[in-house]
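Let me begin by presenting the structure, written as structure tokens, before commenting on it.
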Amino acid sequence: MKTLDNYQIKLNSHLEFDSNFEILDEKKSLPNMKAKVFLTAAMLGSISFVQATPINYDLNISQDYRIESLKNSEFVTSEISTYVDKLNKVSDKKLTKFQIIEEILSFKSLENSWDGYSAKPLGIKCASNALKILDNIGENELSKISDFYPNPNGTISFEWENLNEEIISLEIGKDTFSYYVSFNSVETRYFNKQNFNSEDISVFKNFILSV
Amino acid sequence: MRILAFLKTLFCQCSKNAESFQEEVEQEEASSFSLPSDISYEENIARYIFSPINVNEKNNNLKNNCLKPPTGSDEVSVNRFDYTDESFLKNLGLEMQKPNKEFYGLAFFKAQLVIENNFDLVYTPIPSVNEFHSDIKIGYVVERDVELPAEINEKIRNIIKNTKLFKDTNTDTSNWIGDEIRL
């Protein structure tokens, strides 16, 4: 029994099934099919080509449709990813004054040789000087502290580092403090044997505001 | 009497020979274990990290305090890693900490970094204990509760930025079972 593989259903003028359907000759239908396939592929190809290249729109022209560029979508994705990373960094580094004071007290309680190399716990005067400096720095600047830690000889260090790898590194001793300021646009500056008076602390604070 | 004198002379001769022979053996042993006294730029240097206080555990970065000398010293103890291995160093490190069992890992950097930052790197073996021991000399004797000059802090930070940390916090075994050391 011959099977009907290619046939066309016809409707009459009353949109009713016309029993006189015709069997399409495969050989004859092929060129038409090929043409249709070619045209369809050409249309699809042109659409995908349009999608692959960025299109600049004149904002004055109102459009009812949006075309998403593949390149633009990749750009947007990477920008979002970078933004999220920055948010995470900011939220990770946000410290409160209370947290910092708590940590400073814990450094005071360290045992001798806490680093395995004869390190001493944080000195009392060093701890109180650290609190003095922190009192003079605003909460906003405190929250920007990127790291702080005790040193083996009993001093304490604080670092403010931004996303451009610019850094202010401070070390506080029992009588004086030292710090360096490393910004990308200028030569590194060093400040040694600074006193815990309002003048020297104020100079230091101005640098913190610039980070 | 002559025979006795002869025997005495012979005996003294033998004991002298034995002593000099022993000295020669010791010298041979020492020379077979000796490392070159000059540390080359490309050598990998290892520093023990015993405490998590030396590490920012959020990002696994080392802190400056891991390369600062203790009070009264201008030296930072390190090891010439290219002539030994991590298991030997870990075993030795645990021995050093007894009775405490503290070990965090090893920090590695090139000798070049130390020299480029104008610190000295000197081979200072500890015979029969640690033939790979060396010292970084920062040129400034640290005092209790007195801050380091800012310039030295910056140099230490320059080294730390290019230092790799490999963790092994398991103190139950002296074999290294932590991060694979890839330098």
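Ordering of the structure tokens sets the chain letters (A, B, ...), residue numbers begin anew at 1 in every chain, and ligands are numbered from 1 in the order given.
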
Taking only C-alpha atoms into account, produce a table as a tab-separated table in which each residue of chain B with an atom at most 9 Å from an atom of chain A appears once, together with its shortest atom pair and the distance in Å to one decimal, ordered by chain and rising number.
```
residue	atom	partner	partner_atom	distance
B:Tyr48	CA	A:Gly116	CA	8.7
B:Ile49	CA	A:Asp115	CA	7.6
B:Phe50	CA	A:Gly116	CA	5.8
B:Ser51	CA	A:Asp115	CA	5.2
B:Pro52	CA	A:Asp115	CA	8.5
B:Ile53	CA	A:Tyr149	CA	7.4
B:Asn54	CA	A:Asp115	CA	7.5
B:Asn56	CA	A:Asp147	CA	8.1
B:Lys58	CA	A:Asp92	CA	8.9
B:Lys63	CA	A:Tyr149	CA	7.8
B:Asn64	CA	A:Asn151	CA	8.3
B:Asn65	CA	A:Asn151	CA	5.2
B:Cys66	CA	A:Asp115	CA	7.9
B:Lys68	CA	A:Pro152	CA	6.8
B:Pro69	CA	A:Pro152	CA	7.0
B:Pro70	CA	A:Pro152	CA	5.4
B:Thr71	CA	A:Asn153	CA	5.0
B:Gly72	CA	A:Asn153	CA	8.6
B:Ser77	CA	A:Tyr117	CA	8.8
B:Met96	CA	A:Gly116	CA	8.4
B:Gln97	CA	A:Gly116	CA	6.8
B:Glu102	CA	A:Gly116	CA	7.9
B:Phe103	CA	A:Gly116	CA	8.8
B:Val142	CA	A:Asn153	CA	7.1
B:Glu143	CA	A:Asn153	CA	6.7
B:Arg144	CA	A:Asn153	CA	5.0
B:Asp145	CA	A:Gly154	CA	4.8
B:Val146	CA	A:Gly173	CA	4.7
B:Glu147	CA	A:Gly173	CA	4.9
B:Leu148	CA	A:Glu171	CA	7.3
B:Pro149	CA	A:Asn192	CA	6.1
B:Ala150	CA	A:Tyr179	CA	5.3
B:Glu151	CA	A:Tyr190	CA	6.7
B:Asn153	CA	A:Ser169	CA	8.0
B:Glu154	CA	A:Tyr180	CA	7.5
```

The selected residues should be written to file as a JSON list (two decimals), in the first residue's frame (atoms: N, CA and C atoms).
```json
[["chain", "number", "residue", "atom", "x", "y", "z"],
["B", 48, "TYR", "N", 58.37, 29.43, 59.04],
["B", 48, "TYR", "CA", 57.31, 28.76, 59.79],
["B", 48, "TYR", "C", 56.19, 29.75, 60.15],
["B", 49, "ILE", "N", 54.96, 29.30, 59.98],
["B", 49, "ILE", "CA", 53.81, 30.03, 60.50],
["B", 49, "ILE", "C", 53.16, 29.11, 61.53],
["B", 50, "PHE", "N", 53.27, 29.51, 62.80],
["B", 50, "PHE", "CA", 52.72, 28.68, 63.87],
["B", 50, "PHE", "C", 51.34, 29.14, 64.31],
["B", 51, "SER", "N", 51.04, 30.43, 64.12],
["B", 51, "SER", "CA", 49.82, 30.98, 64.70],
["B", 51, "SER", "C", 48.88, 31.54, 63.65],
["B", 52, "PRO", "N", 47.57, 31.33, 63.80],
["B", 52, "PRO", "CA", 46.61, 31.95, 62.88],
["B", 52, "PRO", "C", 46.57, 33.48, 63.01],
["B", 53, "ILE", "N", 47.17, 34.01, 64.06],
["B", 53, "ILE", "CA", 47.20, 35.48, 64.21],
["B", 53, "ILE", "C", 48.07, 36.11, 63.14],
["B", 54, "ASN", "N", 48.93, 35.29, 62.51],
["B", 54, "ASN", "CA", 49.76, 35.80, 61.43],
["B", 54, "ASN", "C", 49.04, 35.78, 60.08],
["B", 56, "ASN", "N", 45.39, 36.42, 57.74],
["B", 56, "ASN", "CA", 44.03, 36.92, 57.58],
["B", 56, "ASN", "C", 43.22, 35.75, 57.02],
["B", 58, "LYS", "N", 40.24, 35.35, 56.28],
["B", 58, "LYS", "CA", 39.18, 35.59, 55.30],
["B", 58, "LYS", "C", 39.71, 35.38, 53.90],
["B", 63, "LYS", "N", 49.96, 38.30, 57.24],
["B", 63, "LYS", "CA", 50.06, 39.66, 57.79],
["B", 63, "LYS", "C", 51.53, 40.00, 57.99],
["B", 64, "ASN", "N", 51.80, 41.30, 58.04],
["B", 64, "ASN", "CA", 53.18, 41.77, 58.22],
["B", 64, "ASN", "C", 53.84, 41.18, 59.46],
["B", 65, "ASN", "N", 53.06, 40.91, 60.48],
["B", 65, "ASN", "CA", 53.66, 40.50, 61.75],
["B", 65, "ASN", "C", 54.36, 39.14, 61.67],
["B", 66, "CYS", "N", 54.18, 38.41, 60.57],
["B", 66, "CYS", "CA", 54.83, 37.10, 60.49],
["B", 66, "CYS", "C", 56.30, 37.22, 60.08],
["B", 68, "LYS", "N", 58.39, 39.83, 61.30],
["B", 68, "LYS", "CA", 59.04, 40.83, 62.15],
["B", 68, "LYS", "C", 59.86, 40.11, 63.23],
["B", 69, "PRO", "N", 61.01, 40.67, 63.56],
["B", 69, "PRO", "CA", 61.85, 40.01, 64.57],
["B", 69, "PRO", "C", 61.24, 40.14, 65.97],
["B", 70, "PRO", "N", 61.65, 39.26, 66.88],
["B", 70, "PRO", "CA", 61.20, 39.42, 68.27],
["B", 70, "PRO", "C", 61.99, 40.53, 68.96],
["B", 71, "THR", "N", 61.55, 40.86, 70.16],
["B", 71, "THR", "CA", 62.22, 41.92, 70.92],
["B", 71, "THR", "C", 63.70, 41.59, 71.14],
["B", 72, "GLY", "N", 64.53, 42.56, 70.93],
["B", 72, "GLY", "CA", 65.96, 42.40, 71.19],
["B", 72, "GLY", "C", 66.73, 41.82, 70.02],
["B", 77, "SER", "N", 64.08, 34.24, 61.52],
["B", 77, "SER", "CA", 64.53, 32.89, 61.17],
["B", 77, "SER", "C", 63.78, 32.33, 59.98],
["B", 96, "MET", "N", 60.15, 22.06, 67.88],
["B", 96, "MET", "CA", 60.45, 23.38, 68.45],
["B", 96, "MET", "C", 59.33, 23.84, 69.39],
["B", 97, "GLN", "N", 58.10, 23.47, 69.09],
["B", 97, "GLN", "CA", 56.95, 23.98, 69.84],
["B", 97, "GLN", "C", 56.63, 23.15, 71.08],
["B", 102, "GLU", "N", 51.63, 23.37, 68.15],
["B", 102, "GLU", "CA", 51.13, 24.46, 67.33],
["B", 102, "GLU", "C", 51.86, 24.45, 66.00],
["B", 103, "PHE", "N", 51.08, 24.44, 64.95],
["B", 103, "PHE", "CA", 51.65, 24.52, 63.61],
["B", 103, "PHE", "C", 50.54, 24.94, 62.67],
["B", 142, "VAL", "N", 64.92, 45.36, 67.24],
["B", 142, "VAL", "CA", 63.57, 45.69, 67.70],
["B", 142, "VAL", "C", 63.54, 45.86, 69.22],
["B", 143, "GLU", "N", 62.85, 46.89, 69.67],
["B", 143, "GLU", "CA", 62.70, 47.13, 71.11],
["B", 143, "GLU", "C", 61.27, 46.82, 71.54],
["B", 144, "ARG", "N", 61.14, 46.48, 72.79],
["B", 144, "ARG", "CA", 59.82, 46.19, 73.34],
["B", 144, "ARG", "C", 58.94, 47.43, 73.28],
["B", 145, "ASP", "N", 57.72, 47.26, 72.71],
["B", 145, "ASP", "CA", 56.72, 48.33, 72.65],
["B", 145, "ASP", "C", 57.16, 49.57, 71.86],
["B", 146, "VAL", "N", 58.13, 49.43, 71.00],
["B", 146, "VAL", "CA", 58.57, 50.56, 70.17],
["B", 146, "VAL", "C", 58.33, 50.18, 68.71],
["B", 147, "GLU", "N", 57.66, 51.08, 68.00],
["B", 147, "GLU", "CA", 57.29, 50.78, 66.62],
["B", 147, "GLU", "C", 58.52, 50.75, 65.69],
["B", 148, "LEU", "N", 58.40, 49.95, 64.63],
["B", 148, "LEU", "CA", 59.46, 49.92, 63.62],
["B", 148, "LEU", "C", 59.40, 51.19, 62.78],
["B", 149, "PRO", "N", 60.50, 51.61, 62.20],
["B", 149, "PRO", "CA", 60.45, 52.72, 61.23],
["B", 149, "PRO", "C", 59.51, 52.36, 60.08],
["B", 150, "ALA", "N", 58.82, 53.35, 59.58],
["B", 150, "ALA", "CA", 57.83, 53.12, 58.52],
["B", 150, "ALA", "C", 58.47, 52.51, 57.28],
["B", 151, "GLU", "N", 59.71, 52.89, 56.99],
["B", 151, "GLU", "CA", 60.39, 52.36, 55.80],
["B", 151, "GLU", "C", 60.56, 50.85, 55.90],
["B", 153, "ASN", "N", 58.69, 48.81, 57.68],
["B", 153, "ASN", "CA", 57.37, 48.20, 57.55],
["B", 153, "ASN", "C", 56.97, 48.06, 56.08],
["B", 154, "GLU", "N", 57.31, 49.05, 55.30],
["B", 154, "GLU", "CA", 56.97, 48.97, 53.87],
["B", 154, "GLU", "C", 57.74, 47.85, 53.18]]
```

Contacts of segment 34-91 of chain B with segment 108-115 of chain B up to 12 Å, shortest pair per row, only C-alpha atoms, as a Markdown table:
```
| residue | atom | partner | partner_atom | distance |
| --- | --- | --- | --- | --- |
| B:Asp38 | CA | B:Ala111 | CA | 10.9 |
| B:Ile39 | CA | B:Ala111 | CA | 7.4 |
| B:Ser40 | CA | B:Ala111 | CA | 6.9 |
| B:Tyr41 | CA | B:Gln112 | CA | 4.4 |
| B:Glu42 | CA | B:Lys110 | CA | 6.0 |
| B:Glu43 | CA | B:Ala111 | CA | 5.5 |
| B:Asn44 | CA | B:Lys110 | CA | 4.8 |
| B:Ile45 | CA | B:Phe109 | CA | 5.4 |
| B:Ala46 | CA | B:Phe108 | CA | 4.6 |
| B:Arg47 | CA | B:Phe108 | CA | 6.5 |
| B:Tyr48 | CA | B:Phe108 | CA | 9.1 |
| B:Ile49 | CA | B:Phe108 | CA | 10.3 |
| B:Leu62 | CA | B:Phe108 | CA | 10.8 |
| B:Cys66 | CA | B:Phe108 | CA | 11.8 |
| B:Leu67 | CA | B:Val114 | CA | 11.0 |
| B:Val76 | CA | B:Val114 | CA | 11.2 |
| B:Val78 | CA | B:Phe108 | CA | 9.5 |
| B:Asn79 | CA | B:Phe108 | CA | 9.5 |
| B:Arg80 | CA | B:Ala111 | CA | 9.1 |
| B:Phe81 | CA | B:Phe108 | CA | 8.5 |
| B:Asp82 | CA | B:Lys110 | CA | 10.6 |
| B:Glu86 | CA | B:Phe108 | CA | 11.0 |
```

Export of prior selection with N, CA, C and O atoms as a JSON list (two decimals), in the first residue's frame:
```json
[["chain", "number", "residue", "atom", "x", "y", "z"],
["B", 38, "ASP", "N", 76.67, 30.88, 50.08],
["B", 38, "ASP", "CA", 75.94, 31.97, 49.44],
["B", 38, "ASP", "C", 74.56, 31.48, 49.02],
["B", 38, "ASP", "O", 74.42, 30.43, 48.42],
["B", 39, "ILE", "N", 73.55, 32.28, 49.35],
["B", 39, "ILE", "CA", 72.18, 31.94, 49.00],
["B", 39, "ILE", "C", 71.86, 32.62, 47.68],
["B", 39, "ILE", "O", 71.95, 33.85, 47.57],
["B", 40, "SER", "N", 71.47, 31.81, 46.70],
["B", 40, "SER", "CA", 71.23, 32.40, 45.38],
["B", 40, "SER", "C", 69.87, 33.10, 45.34],
["B", 40, "SER", "O", 68.98, 32.81, 46.12],
["B", 41, "TYR", "N", 69.76, 34.02, 44.41],
["B", 41, "TYR", "CA", 68.53, 34.80, 44.26],
["B", 41, "TYR", "C", 67.30, 33.93, 44.06],
["B", 41, "TYR", "O", 66.22, 34.25, 44.53],
["B", 42, "GLU", "N", 67.50, 32.83, 43.37],
["B", 42, "GLU", "CA", 66.35, 32.01, 42.97],
["B", 42, "GLU", "C", 65.91, 31.01, 44.03],
["B", 42, "GLU", "O", 64.92, 30.30, 43.84],
["B", 43, "GLU", "N", 66.63, 30.94, 45.12],
["B", 43, "GLU", "CA", 66.29, 29.95, 46.15],
["B", 43, "GLU", "C", 64.95, 30.25, 46.78],
["B", 43, "GLU", "O", 64.59, 31.43, 46.98],
["B", 44, "ASN", "N", 64.24, 29.17, 47.10],
["B", 44, "ASN", "CA", 62.97, 29.31, 47.82],
["B", 44, "ASN", "C", 63.23, 29.29, 49.32],
["B", 44, "ASN", "O", 63.88, 28.37, 49.83],
["B", 45, "ILE", "N", 62.72, 30.30, 49.98],
["B", 45, "ILE", "CA", 62.92, 30.44, 51.42],
["B", 45, "ILE", "C", 61.61, 30.16, 52.13],
["B", 45, "ILE", "O", 60.54, 30.62, 51.68],
["B", 46, "ALA", "N", 61.69, 29.40, 53.22],
["B", 46, "ALA", "CA", 60.47, 29.01, 53.95],
["B", 46, "ALA", "C", 60.50, 29.59, 55.36],
["B", 46, "ALA", "O", 61.53, 29.54, 56.04],
["B", 47, "ARG", "N", 59.37, 30.13, 55.76],
["B", 47, "ARG", "CA", 59.23, 30.67, 57.12],
["B", 47, "ARG", "C", 58.11, 29.91, 57.81],
["B", 47, "ARG", "O", 57.02, 29.74, 57.24],
["B", 48, "TYR", "N", 58.37, 29.43, 59.04],
["B", 48, "TYR", "CA", 57.31, 28.76, 59.79],
["B", 48, "TYR", "C", 56.19, 29.75, 60.15],
["B", 48, "TYR", "O", 56.46, 30.86, 60.58],
["B", 49, "ILE", "N", 54.96, 29.30, 59.98],
["B", 49, "ILE", "CA", 53.81, 30.03, 60.50],
["B", 49, "ILE", "C", 53.16, 29.11, 61.53],
["B", 49, "ILE", "O", 52.62, 28.06, 61.19],
["B", 62, "LEU", "N", 48.90, 36.54, 54.30],
["B", 62, "LEU", "CA", 49.73, 36.69, 55.49],
["B", 62, "LEU", "C", 49.74, 38.14, 55.95],
["B", 62, "LEU", "O", 49.59, 39.06, 55.15],
["B", 66, "CYS", "N", 54.18, 38.41, 60.57],
["B", 66, "CYS", "CA", 54.83, 37.10, 60.49],
["B", 66, "CYS", "C", 56.30, 37.22, 60.08],
["B", 66, "CYS", "O", 57.05, 36.24, 60.15],
["B", 67, "LEU", "N", 56.72, 38.41, 59.66],
["B", 67, "LEU", "CA", 58.12, 38.58, 59.25],
["B", 67, "LEU", "C", 58.81, 39.66, 60.06],
["B", 67, "LEU", "O", 59.69, 40.36, 59.56],
["B", 76, "VAL", "N", 65.15, 37.45, 61.49],
["B", 76, "VAL", "CA", 63.95, 36.65, 61.27],
["B", 76, "VAL", "C", 64.41, 35.28, 60.78],
["B", 76, "VAL", "O", 65.09, 35.18, 59.75],
["B", 78, "VAL", "N", 64.53, 31.79, 59.04],
["B", 78, "VAL", "CA", 63.93, 31.16, 57.86],
["B", 78, "VAL", "C", 64.73, 29.90, 57.52],
["B", 78, "VAL", "O", 65.71, 29.59, 58.20],
["B", 79, "ASN", "N", 64.30, 29.21, 56.45],
["B", 79, "ASN", "CA", 64.96, 27.98, 56.05],
["B", 79, "ASN", "C", 65.14, 27.93, 54.53],
["B", 79, "ASN", "O", 64.29, 28.42, 53.79],
["B", 80, "ARG", "N", 66.22, 27.31, 54.14],
["B", 80, "ARG", "CA", 66.51, 27.17, 52.70],
["B", 80, "ARG", "C", 65.77, 25.92, 52.20],
["B", 80, "ARG", "O", 66.25, 24.80, 52.31],
["B", 81, "PHE", "N", 64.62, 26.14, 51.65],
["B", 81, "PHE", "CA", 63.70, 25.04, 51.35],
["B", 81, "PHE", "C", 64.20, 24.13, 50.23],
["B", 81, "PHE", "O", 63.88, 22.94, 50.20],
["B", 82, "ASP", "N", 64.98, 24.67, 49.30],
["B", 82, "ASP", "CA", 65.40, 23.88, 48.13],
["B", 82, "ASP", "C", 66.28, 22.70, 48.52],
["B", 82, "ASP", "O", 66.48, 21.80, 47.69],
["B", 86, "GLU", "N", 59.09, 19.70, 53.02],
["B", 86, "GLU", "CA", 58.11, 20.22, 53.97],
["B", 86, "GLU", "C", 57.92, 19.30, 55.18],
["B", 86, "GLU", "O", 57.65, 19.78, 56.28]]
```

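The space separating atom CA of Gly105 of chain B from atom CA of Leu165 of chain B comes to 7.0 Å.
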
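Computed from the coordinates, the atom CA of Ile133 of chain A to atom CA of Ser202 of chain A distance equals 9.7 Å.
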
If you run DSSP over the backbone, which residues in segment 76-183 of chain A end up strand (DSSP E or B)? Put them as a PyMOL selection string.
chain A and resi 147-150+156-161+167-172+177-182

Segment 43-176 of chain B: which residues are alpha helix (DSSP H) by DSSP, as a PyMOL selection string?
chain B and resi 86-97+111-116+150-161

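Of note, atom CA of Glu141 of chain A and atom CA of Thr163 of chain B are spaced 28.6 Å apart.
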
Residues near Ile167 of chain A, cut-off 10 Å, only C-alpha atoms, skip fewer than 5 positions along chain, as an MDAnalysis selection string
chainID A and resid 146 159:162 180:184 188 207:208 211
